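A.B. asks: Contents of entry_3.pdb (PDB, C-alpha atoms) are given next:
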ATOM      1  CA  MET Q 160     221.038 -35.268 -59.466
ATOM      2  CA  SER Q 161     218.802 -32.256 -59.983
ATOM      3  CA  GLN Q 162     216.686 -32.202 -63.075
ATOM      4  CA  ILE Q 163     217.274 -29.172 -65.314
ATOM      5  CA  ALA Q 164     214.122 -27.529 -66.574
ATOM      6  CA  GLU Q 165     213.484 -27.949 -70.281
ATOM      7  CA  THR Q 166     212.989 -24.719 -72.187
ATOM      8  CA  SER Q 167     212.816 -26.050 -75.727
ATOM      9  CA  PRO Q 168     210.097 -24.442 -77.858
ATOM     10  CA  GLY Q 169     206.858 -26.363 -77.684
ATOM     11  CA  LYS Q 170     207.862 -28.281 -74.533
ATOM     12  CA  PRO Q 171     206.647 -27.350 -71.059
ATOM     13  CA  ALA Q 172     209.410 -26.707 -68.543
ATOM     14  CA  ARG Q 173     209.890 -29.580 -66.126
ATOM     15  CA  ARG Q 174     209.729 -28.662 -62.488
ATOM     16  CA  PRO Q 175     212.886 -29.092 -60.435
ATOM     17  CA  LEU Q 176     213.067 -32.263 -58.356
ATOM     18  CA  THR Q 177     212.193 -32.022 -54.685
ATOM     19  CA  ARG Q 178     214.858 -32.936 -52.148
ATOM     20  CA  ALA Q 179     213.010 -36.199 -51.466
ATOM     21  CA  GLU Q 180     213.029 -37.052 -55.187
ATOM     22  CA  GLU Q 181     216.734 -36.257 -55.468
ATOM     23  CA  LEU Q 182     217.416 -38.407 -52.428
ATOM     24  CA  ARG Q 183     215.379 -41.277 -53.868
ATOM     25  CA  GLN Q 184     217.496 -41.129 -57.017
ATOM     26  CA  ASP Q 185     220.689 -41.099 -54.931
ATOM     27  CA  LEU Q 186     219.601 -44.146 -52.937
ATOM     28  CA  GLU Q 187     218.421 -45.894 -56.108
ATOM     29  CA  ARG Q 188     221.867 -45.337 -57.638
ATOM     30  CA  LEU Q 189     223.563 -46.809 -54.560
ATOM     31  CA  ILE Q 190     221.375 -49.919 -54.871
ATOM     32  CA  VAL Q 191     221.916 -50.266 -58.631
ATOM     33  CA  GLU Q 192     225.683 -49.842 -58.258
ATOM     34  CA  GLY Q 193     225.821 -52.384 -55.441
ATOM     35  CA  GLU Q 194     226.923 -50.118 -52.583
ATOM     36  CA  LEU Q 195     223.599 -50.906 -50.906
ATOM     37  CA  LYS Q 196     222.996 -54.633 -51.290
ATOM     38  CA  PRO Q 197     219.872 -56.811 -50.931
ATOM     39  CA  GLY Q 198     219.239 -57.297 -47.247
ATOM     40  CA  ASP Q 199     220.984 -54.083 -46.181
ATOM     41  CA  ARG Q 200     218.952 -52.090 -43.673
ATOM     42  CA  LEU Q 201     218.048 -48.474 -44.453
ATOM     43  CA  ASP Q 202     218.361 -46.433 -41.279
ATOM     44  CA  GLU Q 203     216.611 -43.073 -41.556
ATOM     45  CA  THR Q 204     218.953 -41.353 -39.095
ATOM     46  CA  GLU Q 205     222.093 -42.586 -40.862
ATOM     47  CA  ILE Q 206     220.773 -41.603 -44.292
ATOM     48  CA  ALA Q 207     219.730 -38.150 -43.043
ATOM     49  CA  ALA Q 208     223.217 -37.588 -41.615
ATOM     50  CA  ARG Q 209     224.972 -38.882 -44.730
ATOM     51  CA  PHE Q 210     223.064 -36.593 -47.099
ATOM     52  CA  SER Q 211     222.684 -33.664 -44.658
ATOM     53  CA  VAL Q 212     218.904 -33.601 -44.744
ATOM     54  CA  SER Q 213     216.096 -33.929 -42.234
ATOM     55  CA  ARG Q 214     214.320 -37.240 -41.781
ATOM     56  CA  THR Q 215     211.204 -36.033 -43.622
ATOM     57  CA  PRO Q 216     212.681 -36.248 -47.163
ATOM     58  CA  VAL Q 217     214.330 -39.533 -46.151
ATOM     59  CA  ARG Q 218     210.929 -41.017 -45.291
ATOM     60  CA  GLU Q 219     209.464 -39.751 -48.578
ATOM     61  CA  ALA Q 220     212.421 -41.112 -50.564
ATOM     62  CA  ILE Q 221     212.082 -44.525 -48.935
ATOM     63  CA  LYS Q 222     208.342 -44.579 -49.674
ATOM     64  CA  GLY Q 223     209.191 -44.008 -53.328
ATOM     65  CA  LEU Q 224     211.677 -46.877 -53.318
ATOM     66  CA  VAL Q 225     209.145 -49.179 -51.662
ATOM     67  CA  ALA Q 226     206.727 -48.345 -54.483
ATOM     68  CA  THR Q 227     209.303 -49.472 -57.082
ATOM     69  CA  GLY Q 228     209.947 -52.752 -55.246
ATOM     70  CA  LEU Q 229     213.639 -51.981 -54.671
ATOM     71  CA  VAL Q 230     213.017 -51.587 -50.937
ATOM     72  CA  GLU Q 231     210.696 -53.446 -48.586
ATOM     73  CA  VAL Q 232     209.441 -53.000 -45.030
ATOM     74  CA  ARG Q 233     209.853 -56.092 -42.860
ATOM     75  CA  GLY Q 234     208.037 -55.327 -39.621
ATOM     76  CA  ARG Q 235     210.417 -55.216 -36.673
ATOM     77  CA  GLN Q 236     213.399 -55.762 -38.944
ATOM     78  CA  GLY Q 237     212.766 -52.353 -40.433
ATOM     79  CA  THR Q 238     213.244 -51.156 -43.984
ATOM     80  CA  MET Q 239     215.802 -52.876 -46.177
ATOM     81  CA  VAL Q 240     216.879 -53.390 -49.759
ATOM     82  CA  THR Q 241     214.637 -56.096 -51.203
ATOM     83  CA  GLN Q 242     215.940 -59.664 -51.256
ATOM     84  CA  LEU Q 243     214.503 -61.966 -53.914
ATOM     85  CA  SER Q 244     214.136 -65.731 -53.677
ATOM     86  CA  ILE Q 245     215.518 -68.022 -56.389
ATOM     87  CA  PRO Q 246     212.007 -68.880 -57.738
ATOM     88  CA  MET Q 247     211.090 -65.183 -57.878
ATOM     89  CA  LEU Q 248     214.366 -64.316 -59.623
ATOM     90  CA  ILE Q 249     213.789 -66.977 -62.269
ATOM     91  CA  GLU Q 250     210.216 -65.806 -62.821
ATOM     92  CA  MET Q 251     211.309 -62.183 -63.133
ATOM     93  CA  PHE Q 252     214.100 -63.005 -65.590
ATOM     94  CA  ASP Q 253     211.595 -64.984 -67.670
ATOM     95  CA  LEU Q 254     209.288 -61.970 -67.751
ATOM     96  CA  MET Q 255     212.230 -59.714 -68.568
ATOM     97  CA  ALA Q 256     213.056 -61.955 -71.533
ATOM     98  CA  ALA Q 257     209.479 -61.706 -72.801
ATOM     99  CA  LEU Q 258     209.416 -57.912 -72.491
ATOM    100  CA  GLU Q 259     212.826 -57.505 -74.146
ATOM    101  CA  GLY Q 260     211.687 -59.738 -76.980
ATOM    102  CA  LEU Q 261     208.558 -57.666 -77.535
ATOM    103  CA  CYS Q 262     210.611 -54.446 -77.517
ATOM    104  CA  ALA Q 263     212.964 -55.900 -80.135
ATOM    105  CA  ARG Q 264     210.038 -57.121 -82.239
ATOM    106  CA  LEU Q 265     208.568 -53.632 -82.328
ATOM    107  CA  ALA Q 266     211.971 -52.019 -82.859
ATOM    108  CA  ALA Q 267     212.461 -54.144 -85.987
ATOM    109  CA  ARG Q 268     209.300 -52.534 -87.374
ATOM    110  CA  ARG Q 269     209.688 -49.017 -85.997
ATOM    111  CA  ALA Q 270     213.345 -48.117 -85.402
ATOM    112  CA  SER Q 271     214.531 -45.060 -87.305
ATOM    113  CA  ARG Q 272     217.705 -44.922 -89.355
ATOM    114  CA  GLU Q 273     219.265 -42.782 -86.618
ATOM    115  CA  GLU Q 274     218.353 -45.305 -83.912
ATOM    116  CA  LYS Q 275     219.844 -48.156 -85.919
ATOM    117  CA  ALA Q 276     223.052 -46.159 -86.375
ATOM    118  CA  ALA Q 277     223.145 -45.397 -82.655
ATOM    119  CA  MET Q 278     222.849 -49.114 -81.842
ATOM    120  CA  LEU Q 279     225.931 -49.801 -83.941
ATOM    121  CA  GLU Q 280     227.834 -46.960 -82.259
ATOM    122  CA  ILE Q 281     226.980 -48.296 -78.797
ATOM    123  CA  GLN Q 282     227.958 -51.808 -79.888
ATOM    124  CA  GLU Q 283     231.365 -50.530 -81.012
ATOM    125  CA  ARG Q 284     231.938 -48.918 -77.611
ATOM    126  CA  LEU Q 285     230.838 -52.128 -75.934
ATOM    127  CA  GLU Q 286     233.357 -54.109 -77.968
ATOM    128  CA  ALA Q 287     236.076 -51.605 -77.030
ATOM    129  CA  ALA Q 288     235.250 -51.979 -73.321
ATOM    130  CA  PHE Q 289     235.491 -55.754 -73.708
ATOM    131  CA  GLU Q 290     238.861 -55.517 -75.459
ATOM    132  CA  GLU Q 291     240.113 -53.197 -72.712
ATOM    133  CA  GLY Q 292     238.975 -55.644 -70.035
ATOM    134  CA  ASP Q 293     236.747 -53.073 -68.326
ATOM    135  CA  PRO Q 294     233.665 -54.906 -66.959
ATOM    136  CA  VAL Q 295     232.283 -51.835 -65.183
ATOM    137  CA  ALA Q 296     232.279 -49.746 -68.378
ATOM    138  CA  PHE Q 297     230.902 -52.781 -70.229
ATOM    139  CA  TYR Q 298     227.980 -53.024 -67.796
ATOM    140  CA  TRP Q 299     226.959 -49.382 -68.208
ATOM    141  CA  ILE Q 300     227.392 -49.310 -71.978
ATOM    142  CA  ASN Q 301     225.265 -52.443 -72.111
ATOM    143  CA  GLU Q 302     222.584 -50.521 -70.204
ATOM    144  CA  GLU Q 303     222.718 -47.844 -72.922
ATOM    145  CA  PHE Q 304     222.157 -50.475 -75.607
ATOM    146  CA  HIS Q 305     219.058 -51.822 -73.895
ATOM    147  CA  ASP Q 306     217.712 -48.324 -73.176
ATOM    148  CA  LEU Q 307     217.963 -47.587 -76.890
ATOM    149  CA  LEU Q 308     216.289 -50.890 -77.757
ATOM    150  CA  TYR Q 309     213.308 -49.935 -75.598
ATOM    151  CA  ALA Q 310     213.182 -46.428 -77.076
ATOM    152  CA  ALA Q 311     213.334 -47.805 -80.627
ATOM    153  CA  ALA Q 312     210.170 -49.807 -79.928
ATOM    154  CA  HIS Q 313     208.330 -46.454 -79.777
ATOM    155  CA  THR Q 314     205.893 -47.589 -77.123
ATOM    156  CA  HIS Q 315     205.992 -45.648 -73.894
ATOM    157  CA  PHE Q 316     204.133 -48.053 -71.611
ATOM    158  CA  LEU Q 317     206.065 -51.162 -72.650
ATOM    159  CA  ALA Q 318     209.378 -49.332 -72.318
ATOM    160  CA  SER Q 319     208.517 -47.983 -68.869
ATOM    161  CA  GLN Q 320     207.448 -51.407 -67.603
ATOM    162  CA  THR Q 321     210.595 -53.048 -68.974
ATOM    163  CA  ILE Q 322     212.815 -50.425 -67.355
ATOM    164  CA  ALA Q 323     210.977 -50.807 -64.038
ATOM    165  CA  LEU Q 324     211.538 -54.565 -64.028
ATOM    166  CA  ARG Q 325     215.179 -54.144 -65.026
ATOM    167  CA  LEU Q 326     215.606 -51.774 -62.102
ATOM    168  CA  ARG Q 327     214.217 -54.340 -59.668
ATOM    169  CA  LEU Q 328     216.631 -56.943 -61.028
ATOM    170  CA  SER Q 329     219.634 -54.601 -61.105
ATOM    171  CA  PRO Q 330     221.289 -55.861 -57.884
ATOM    172  CA  TYR Q 331     221.366 -59.342 -59.436
ATOM    173  CA  ARG Q 332     221.987 -58.580 -63.108
ATOM    174  CA  ARG Q 333     225.641 -57.776 -62.436
ATOM    175  CA  GLN Q 334     226.043 -61.401 -61.377
ATOM    176  CA  VAL Q 335     224.964 -62.385 -64.883
ATOM    177  CA  THR Q 336     227.181 -59.847 -66.659
ATOM    178  CA  TYR Q 337     230.284 -60.915 -64.766
ATOM    179  CA  GLN Q 338     229.858 -64.644 -65.346
ATOM    180  CA  PRO Q 339     232.842 -66.110 -67.246
ATOM    181  CA  GLY Q 340     232.251 -65.839 -70.976
ATOM    182  CA  LYS Q 341     229.075 -63.779 -70.634
ATOM    183  CA  MET Q 342     230.538 -60.514 -71.909
ATOM    184  CA  ARG Q 343     231.912 -62.198 -75.030
ATOM    185  CA  ALA Q 344     228.543 -63.894 -75.589
ATOM    186  CA  THR Q 345     226.766 -60.560 -75.112
ATOM    187  CA  LEU Q 346     228.644 -59.076 -78.050
ATOM    188  CA  SER Q 347     227.549 -61.782 -80.477
ATOM    189  CA  GLU Q 348     223.982 -61.769 -79.110
ATOM    190  CA  HIS Q 349     223.755 -58.003 -79.574
ATOM    191  CA  ARG Q 350     224.999 -58.364 -83.136
ATOM    192  CA  GLU Q 351     222.197 -60.836 -83.825
ATOM    193  CA  ILE Q 352     219.634 -58.386 -82.420
ATOM    194  CA  ILE Q 353     221.076 -55.486 -84.427
ATOM    195  CA  ASP Q 354     221.152 -57.504 -87.663
ATOM    196  CA  ALA Q 355     217.544 -58.605 -87.216
ATOM    197  CA  ILE Q 356     216.354 -55.055 -86.492
ATOM    198  CA  ASP Q 357     218.339 -53.664 -89.410
ATOM    199  CA  ALA Q 358     216.737 -56.277 -91.687
ATOM    200  CA  GLY Q 359     213.275 -55.510 -90.339
ATOM    201  CA  ASP Q 360     212.883 -59.148 -89.276
ATOM    202  CA  SER Q 361     210.617 -58.760 -86.258
ATOM    203  CA  ASP Q 362     210.337 -62.489 -85.469
ATOM    204  CA  ARG Q 363     214.100 -63.018 -85.478
ATOM    205  CA  ALA Q 364     214.640 -59.873 -83.433
ATOM    206  CA  MET Q 365     212.151 -61.045 -80.794
ATOM    207  CA  VAL Q 366     213.770 -64.473 -80.468
ATOM    208  CA  ALA Q 367     217.298 -63.037 -80.359
ATOM    209  CA  ALA Q 368     216.449 -60.489 -77.673
ATOM    210  CA  SER Q 369     214.506 -62.993 -75.551
ATOM    211  CA  GLU Q 370     217.281 -65.569 -75.649
ATOM    212  CA  HIS Q 371     219.802 -62.858 -74.799
ATOM    213  CA  VAL Q 372     218.079 -62.222 -71.459
ATOM    214  CA  ARG Q 373     216.575 -65.605 -70.568
ATOM    215  CA  LEU Q 374     218.536 -67.861 -68.214
ATOM    216  CA  LEU Q 375     218.408 -71.502 -69.298
ATOM    217  CA  GLY Q 376     220.277 -74.720 -68.555
ATOM    218  CA  ASP Q 377     223.881 -74.281 -67.486
ATOM    219  CA  HIS Q 378     223.567 -70.485 -67.587
ATOM    220  CA  LEU Q 379     220.806 -70.652 -64.976
ATOM    221  CA  SER Q 380     222.670 -73.010 -62.649
ATOM    222  CA  ASP Q 381     225.855 -70.957 -63.023
ATOM    223  CA  PHE Q 382     223.957 -67.774 -62.215
ATOM    224  CA  ILE Q 383     222.393 -69.269 -59.091
ATOM    225  CA  ALA Q 384     225.765 -70.609 -57.946
ATOM    226  CA  THR Q 385     227.373 -67.153 -58.167
ATOM    227  CA  ILE Q 386     224.778 -65.321 -56.058
ATOM    228  CA  PRO Q 387     226.078 -64.777 -52.507
ATOM    229  CA  PRO Q 388     223.634 -66.320 -49.985
ATOM    230  CA  HIS Q 389     223.132 -62.997 -48.187
ATOM    231  CA  LEU Q 390     221.549 -61.508 -51.340
ATOM    232  CA  LEU Q 391     218.711 -64.039 -51.306
ATOM    233  CA  GLY Q 392     215.483 -63.868 -49.373
TER     234      GLY Q 392
END
Translate the structure described by the file into structure tokens.

C.D. replies:
Amino acid sequence: MSQIAETSPGKPARRPLTRAEELRQDLERLIVEGELKPGDRLDETEIAARFSVSRTPVREAIKGLVATGLVEVRGRQGTMVTQLSIPMLIEMFDLMAALEGLCARLAARRASREEKAAMLEIQERLEAAFEEGDPVAFYWINEEFHDLLYAAAHTHFLASQTIALRLRLSPYRRQVTYQPGKMRATLSEHREIIDAIDAGDSDRAMVAASEHVRLLGDHLSDFIATIPPHLLG
């Protein structure tokens, strides 16, 4: 997952990633995709052997993951993928809803014509994935939609904080996506967000985006019921 240096006129070339940074991205991907699950222990020797590196970049990569909150150090238990309690999960989803709503509110005021067109294109691919019964493709296309929503807000700090929180919730968000009826509901909820942004209705966009993410009532109890006990702290 090396980063290619940018050579566009007017832009400074980005330095290549260090081996530790590449490894952190690899481990982050394994956590996001569910191969490494909450509660799984990260053994430095095993990771070093798997990726054919020394233990030094492994230690640096793990430090980076601890800083993001994806990984935690539990004394004698060692280092493991972070497990969240039910109260913490609910609190974090509530905050996620607030941040998403603010992004949508700003996007309704600031999104360019090209960004609005791109939202529709992503939505069409999302609908195709749903029709094809492909939940994995649906999940990743849905990520694209939300990435674009944050970008269309044209506020770097808010977008970065929203992405960071989404990353921390990623091992659990799949449980939401794969709930019965959730993918169909996602399509209509996205349409409401897109329509509000296209109309420049910032209040409606904020409410639509917040409600899209927030877990309330039966959706909350269903979500909690689907989380395997070993994923909880």

A.B. asks: Could you tell me, as a VMD selection string, exactly which residues end up selected when the PyMOL selection byres ((chain Q and resi 187) around 12) is applied to this structure?

C.D. replies: chain Q and resid 160 180 to 186 188 to 196 201 220 to 221 223 to 225 227 to 230 240 to 241 323 326 to 327 329 to 330

A.B. asks: Select all residues near (233.0, -62.6, -66.7) (cut-off 12 Å, inclusive, file coordinates), counting all atoms listed in the file, and output them as a list in words.

C.D. replies: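 Within the cut-off we find Phe289, Gly292, Asp293, Pro294, Val295, Phe297, Tyr298, Arg333, Gln334, Val335, Thr336, Tyr337, Gln338, Pro339, Gly340, Lys341, Met342, Arg343, Ala344, Thr345, Asp381, Phe382 and Thr385 of chain Q.
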
A.B. asks: For the structure provided, state which residues fall under the PyMOL selection byres ((chain Q and resi 243) around 9), and present them as JSON, numbers by chain.

C.D. replies: {"Q": [197, 241, 242, 244, 245, 246, 247, 248, 328, 390, 391, 392]}

A.B. asks: Neighbouring residues of Ala355 in chain Q were defined as those with any atom within 12 Å, considering all atoms listed in the file; residues of the same chain fewer than 5 positions away were excluded. Please report them as a CSV table (one decimal) with C-alpha atoms, in the coordinates of the input.

C.D. replies:
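Printed below is around_2.csv as written:
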chain,number,residue,atom,x,y,z
Q,260,GLY,CA,211.7,-59.7,-77.0
Q,263,ALA,CA,213.0,-55.9,-80.1
Q,264,ARG,CA,210.0,-57.1,-82.2
Q,265,LEU,CA,208.6,-53.6,-82.3
Q,266,ALA,CA,212.0,-52.0,-82.9
Q,267,ALA,CA,212.5,-54.1,-86.0
Q,268,ARG,CA,209.3,-52.5,-87.4
Q,270,ALA,CA,213.3,-48.1,-85.4
Q,275,LYS,CA,219.8,-48.2,-85.9
Q,348,GLU,CA,224.0,-61.8,-79.1
Q,349,HIS,CA,223.8,-58.0,-79.6
Q,350,ARG,CA,225.0,-58.4,-83.1
Q,360,ASP,CA,212.9,-59.1,-89.3
Q,361,SER,CA,210.6,-58.8,-86.3
Q,362,ASP,CA,210.3,-62.5,-85.5
Q,363,ARG,CA,214.1,-63.0,-85.5
Q,364,ALA,CA,214.6,-59.9,-83.4
Q,365,MET,CA,212.2,-61.0,-80.8
Q,366,VAL,CA,213.8,-64.5,-80.5
Q,367,ALA,CA,217.3,-63.0,-80.4
Q,368,ALA,CA,216.4,-60.5,-77.7

A.B. asks: For CA of Leu285 in chain Q and CA of Asp354 in chain Q, quote the distance in Å rounded to one decimal.

C.D. replies: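 Taking CA of Leu285 in chain Q as the start and CA of Asp354 in chain Q as the end point, the length is 16.1 Å.
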
A.B. asks: Provide the CA of Arg174 in chain Q to CA of Glu219 in chain Q distance in Å, to one decimal place.

C.D. replies: 17.8 Å

A.B. asks: Run the PyMOL selection byres ((chain Q and resi 259) around 9) mentally over the shown coordinates, then write out the matched residues as a list of chain:residue names, using the chain letters and numbers from the document.

C.D. replies: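 For this structure, the PyMOL selection byres ((chain Q and resi 259) around 9) captures Q:Leu254, Q:Met255, Q:Ala256, Q:Ala257, Q:Leu258, Q:Gly260, Q:Leu261, Q:Cys262, Q:Ala263, Q:Arg264, Q:His305, Q:Leu308, Q:Tyr309, Q:Thr321, Q:Met365, Q:Ala368, Q:Ser369, Q:His371, Q:Val372.
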
A.B. asks: In terms of the shortest atom-to-atom distance over all atoms listed in the file, which of Q:Lys222, Q:Met251, Q:Glu203, Q:Thr238 is closest to Tyr331 in chain Q?

C.D. replies: Q:Met251

A.B. asks: For a quick check of understanding, using all atoms listed in the file, which of Q:Ser211, Q:Thr177, Q:Gln320, Q:Gln282 has the smallest distance to Ser347 in chain Q?

C.D. replies: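 Using all atoms listed in the file, the shortest distance to Ser347 in chain Q belongs to Q:Gln282.
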
A.B. asks: Quick check, in Å to one decimal: how far apart do CA of Ala226 in chain Q and CA of Ala296 in chain Q lie?

C.D. replies: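 Between these atoms lies a distance of 29.1 Å.
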
A.B. asks: First collect every listed atom of range 280-292 of chain Q; then fit an axis-aligned box around them, widen it by 5 Å on each side, and give centre and edge lengths in Å to one decimal, as lines of an AutoDock Vina configuration file.

C.D. replies:
center_x = 233.5
center_y = -51.4
center_z = -76.1
size_x = 23.1
size_y = 18.8
size_z = 22.2

A.B. asks: Quick one: of Q:Val212, Q:Arg218, Q:Met278, Q:Asp306, who's nearest to Ser319 in chain Q, counting only C-alpha atoms?

C.D. replies: Q:Asp306

A.B. asks: Using only C-alpha atoms, which residue out of Q:Phe304, Q:Leu317, Q:Ala310, Q:Leu324 lies closest to Ile352 in chain Q?

C.D. replies: Q:Phe304

A.B. asks: Pick out the closest residue to Glu280 in chain Q from this set: Q:His315, Q:Arg214, Q:Ile353, Q:Glu370. Count all atoms listed in the file.

C.D. replies: Q:Ile353

A.B. asks: Out of Q:Glu283, Q:Asp199, Q:Glu250, Q:Glu302, which residue has the shortest atom-to-atom distance to Ile322 in chain Q when counting all atoms listed in the file?

C.D. replies: Q:Glu302

A.B. asks: Write only N, CA and C atoms for range 196-222 of chain Q from the block just shown, as a PDB file, in the first residue's frame.

C.D. replies:
ATOM      1  N   LYS Q 196     -10.447  -9.149  14.592  1.00  0.00           N
ATOM      2  CA  LYS Q 196     -11.691  -8.747  15.248  1.00  0.00           C
ATOM      3  C   LYS Q 196     -11.421  -8.145  16.626  1.00  0.00           C
ATOM      4  N   PRO Q 197     -12.366  -7.334  17.146  1.00  0.00           N
ATOM      5  CA  PRO Q 197     -12.216  -6.818  18.508  1.00  0.00           C
ATOM      6  C   PRO Q 197     -11.914  -7.933  19.495  1.00  0.00           C
ATOM      7  N   GLY Q 198     -10.887  -7.713  20.291  1.00  0.00           N
ATOM      8  CA  GLY Q 198     -10.480  -8.730  21.255  1.00  0.00           C
ATOM      9  C   GLY Q 198      -9.338  -9.596  20.775  1.00  0.00           C
ATOM     10  N   ASP Q 199      -9.058  -9.612  19.468  1.00  0.00           N
ATOM     11  CA  ASP Q 199      -7.949 -10.401  18.950  1.00  0.00           C
ATOM     12  C   ASP Q 199      -6.621  -9.803  19.412  1.00  0.00           C
ATOM     13  N   ARG Q 200      -5.719 -10.677  19.830  1.00  0.00           N
ATOM     14  CA  ARG Q 200      -4.412 -10.233  20.312  1.00  0.00           C
ATOM     15  C   ARG Q 200      -3.473 -10.016  19.135  1.00  0.00           C
ATOM     16  N   LEU Q 201      -2.665  -8.950  19.216  1.00  0.00           N
ATOM     17  CA  LEU Q 201      -1.667  -8.663  18.190  1.00  0.00           C
ATOM     18  C   LEU Q 201      -0.301  -9.093  18.709  1.00  0.00           C
ATOM     19  N   ASP Q 202       0.201 -10.176  18.176  1.00  0.00           N
ATOM     20  CA  ASP Q 202       1.497 -10.706  18.593  1.00  0.00           C
ATOM     21  C   ASP Q 202       2.580 -10.175  17.655  1.00  0.00           C
ATOM     22  N   GLU Q 203       3.545  -9.457  18.210  1.00  0.00           N
ATOM     23  CA  GLU Q 203       4.574  -8.837  17.385  1.00  0.00           C
ATOM     24  C   GLU Q 203       5.346  -9.858  16.559  1.00  0.00           C
ATOM     25  N   THR Q 204       5.676 -10.993  17.156  1.00  0.00           N
ATOM     26  CA  THR Q 204       6.456 -12.011  16.444  1.00  0.00           C
ATOM     27  C   THR Q 204       5.661 -12.581  15.271  1.00  0.00           C
ATOM     28  N   GLU Q 205       4.388 -12.865  15.495  1.00  0.00           N
ATOM     29  CA  GLU Q 205       3.547 -13.416  14.428  1.00  0.00           C
ATOM     30  C   GLU Q 205       3.369 -12.414  13.295  1.00  0.00           C
ATOM     31  N   ILE Q 206       3.153 -11.151  13.640  1.00  0.00           N
ATOM     32  CA  ILE Q 206       2.967 -10.122  12.617  1.00  0.00           C
ATOM     33  C   ILE Q 206       4.257  -9.947  11.814  1.00  0.00           C
ATOM     34  N   ALA Q 207       5.398  -9.910  12.515  1.00  0.00           N
ATOM     35  CA  ALA Q 207       6.684  -9.754  11.828  1.00  0.00           C
ATOM     36  C   ALA Q 207       6.913 -10.893  10.839  1.00  0.00           C
ATOM     37  N   ALA Q 208       6.567 -12.119  11.244  1.00  0.00           N
ATOM     38  CA  ALA Q 208       6.743 -13.268  10.357  1.00  0.00           C
ATOM     39  C   ALA Q 208       5.777 -13.203   9.182  1.00  0.00           C
ATOM     40  N   ARG Q 209       4.549 -12.813   9.437  1.00  0.00           N
ATOM     41  CA  ARG Q 209       3.533 -12.764   8.383  1.00  0.00           C
ATOM     42  C   ARG Q 209       3.903 -11.766   7.293  1.00  0.00           C
ATOM     43  N   PHE Q 210       4.434 -10.606   7.691  1.00  0.00           N
ATOM     44  CA  PHE Q 210       4.728  -9.557   6.716  1.00  0.00           C
ATOM     45  C   PHE Q 210       6.223  -9.467   6.370  1.00  0.00           C
ATOM     46  N   SER Q 211       7.002 -10.423   6.870  1.00  0.00           N
ATOM     47  CA  SER Q 211       8.435 -10.509   6.553  1.00  0.00           C
ATOM     48  C   SER Q 211       9.175  -9.214   6.880  1.00  0.00           C
ATOM     49  N   VAL Q 212       8.975  -8.757   8.104  1.00  0.00           N
ATOM     50  CA  VAL Q 212       9.663  -7.559   8.575  1.00  0.00           C
ATOM     51  C   VAL Q 212      10.257  -7.841   9.950  1.00  0.00           C
ATOM     52  N   SER Q 213      11.100  -6.916  10.414  1.00  0.00           N
ATOM     53  CA  SER Q 213      11.618  -7.045  11.771  1.00  0.00           C
ATOM     54  C   SER Q 213      10.557  -6.568  12.745  1.00  0.00           C
ATOM     55  N   ARG Q 214      10.803  -6.726  14.020  1.00  0.00           N
ATOM     56  CA  ARG Q 214       9.810  -6.326  15.017  1.00  0.00           C
ATOM     57  C   ARG Q 214       9.773  -4.816  15.230  1.00  0.00           C
ATOM     58  N   THR Q 215      10.811  -4.108  14.786  1.00  0.00           N
ATOM     59  CA  THR Q 215      10.815  -2.646  14.979  1.00  0.00           C
ATOM     60  C   THR Q 215       9.674  -1.955  14.239  1.00  0.00           C
ATOM     61  N   PRO Q 216       9.477  -2.178  12.923  1.00  0.00           N
ATOM     62  CA  PRO Q 216       8.326  -1.544  12.266  1.00  0.00           C
ATOM     63  C   PRO Q 216       6.990  -2.051  12.797  1.00  0.00           C
ATOM     64  N   VAL Q 217       6.957  -3.278  13.308  1.00  0.00           N
ATOM     65  CA  VAL Q 217       5.721  -3.797  13.904  1.00  0.00           C
ATOM     66  C   VAL Q 217       5.359  -2.963  15.130  1.00  0.00           C
ATOM     67  N   ARG Q 218       6.351  -2.713  15.987  1.00  0.00           N
ATOM     68  CA  ARG Q 218       6.096  -1.901  17.187  1.00  0.00           C
ATOM     69  C   ARG Q 218       5.615  -0.501  16.801  1.00  0.00           C
ATOM     70  N   GLU Q 219       6.257   0.103  15.798  1.00  0.00           N
ATOM     71  CA  GLU Q 219       5.861   1.444  15.367  1.00  0.00           C
ATOM     72  C   GLU Q 219       4.449   1.444  14.778  1.00  0.00           C
ATOM     73  N   ALA Q 220       4.133   0.398  14.005  1.00  0.00           N
ATOM     74  CA  ALA Q 220       2.796   0.303  13.406  1.00  0.00           C
ATOM     75  C   ALA Q 220       1.733   0.169  14.486  1.00  0.00           C
ATOM     76  N   ILE Q 221       2.016  -0.634  15.497  1.00  0.00           N
ATOM     77  CA  ILE Q 221       1.055  -0.835  16.583  1.00  0.00           C
ATOM     78  C   ILE Q 221       0.867   0.447  17.382  1.00  0.00           C
ATOM     79  N   LYS Q 222       1.958   1.198  17.596  1.00  0.00           N
ATOM     80  CA  LYS Q 222       1.837   2.488  18.281  1.00  0.00           C
ATOM     81  C   LYS Q 222       0.885   3.408  17.524  1.00  0.00           C
TER      82      LYS Q 222
END
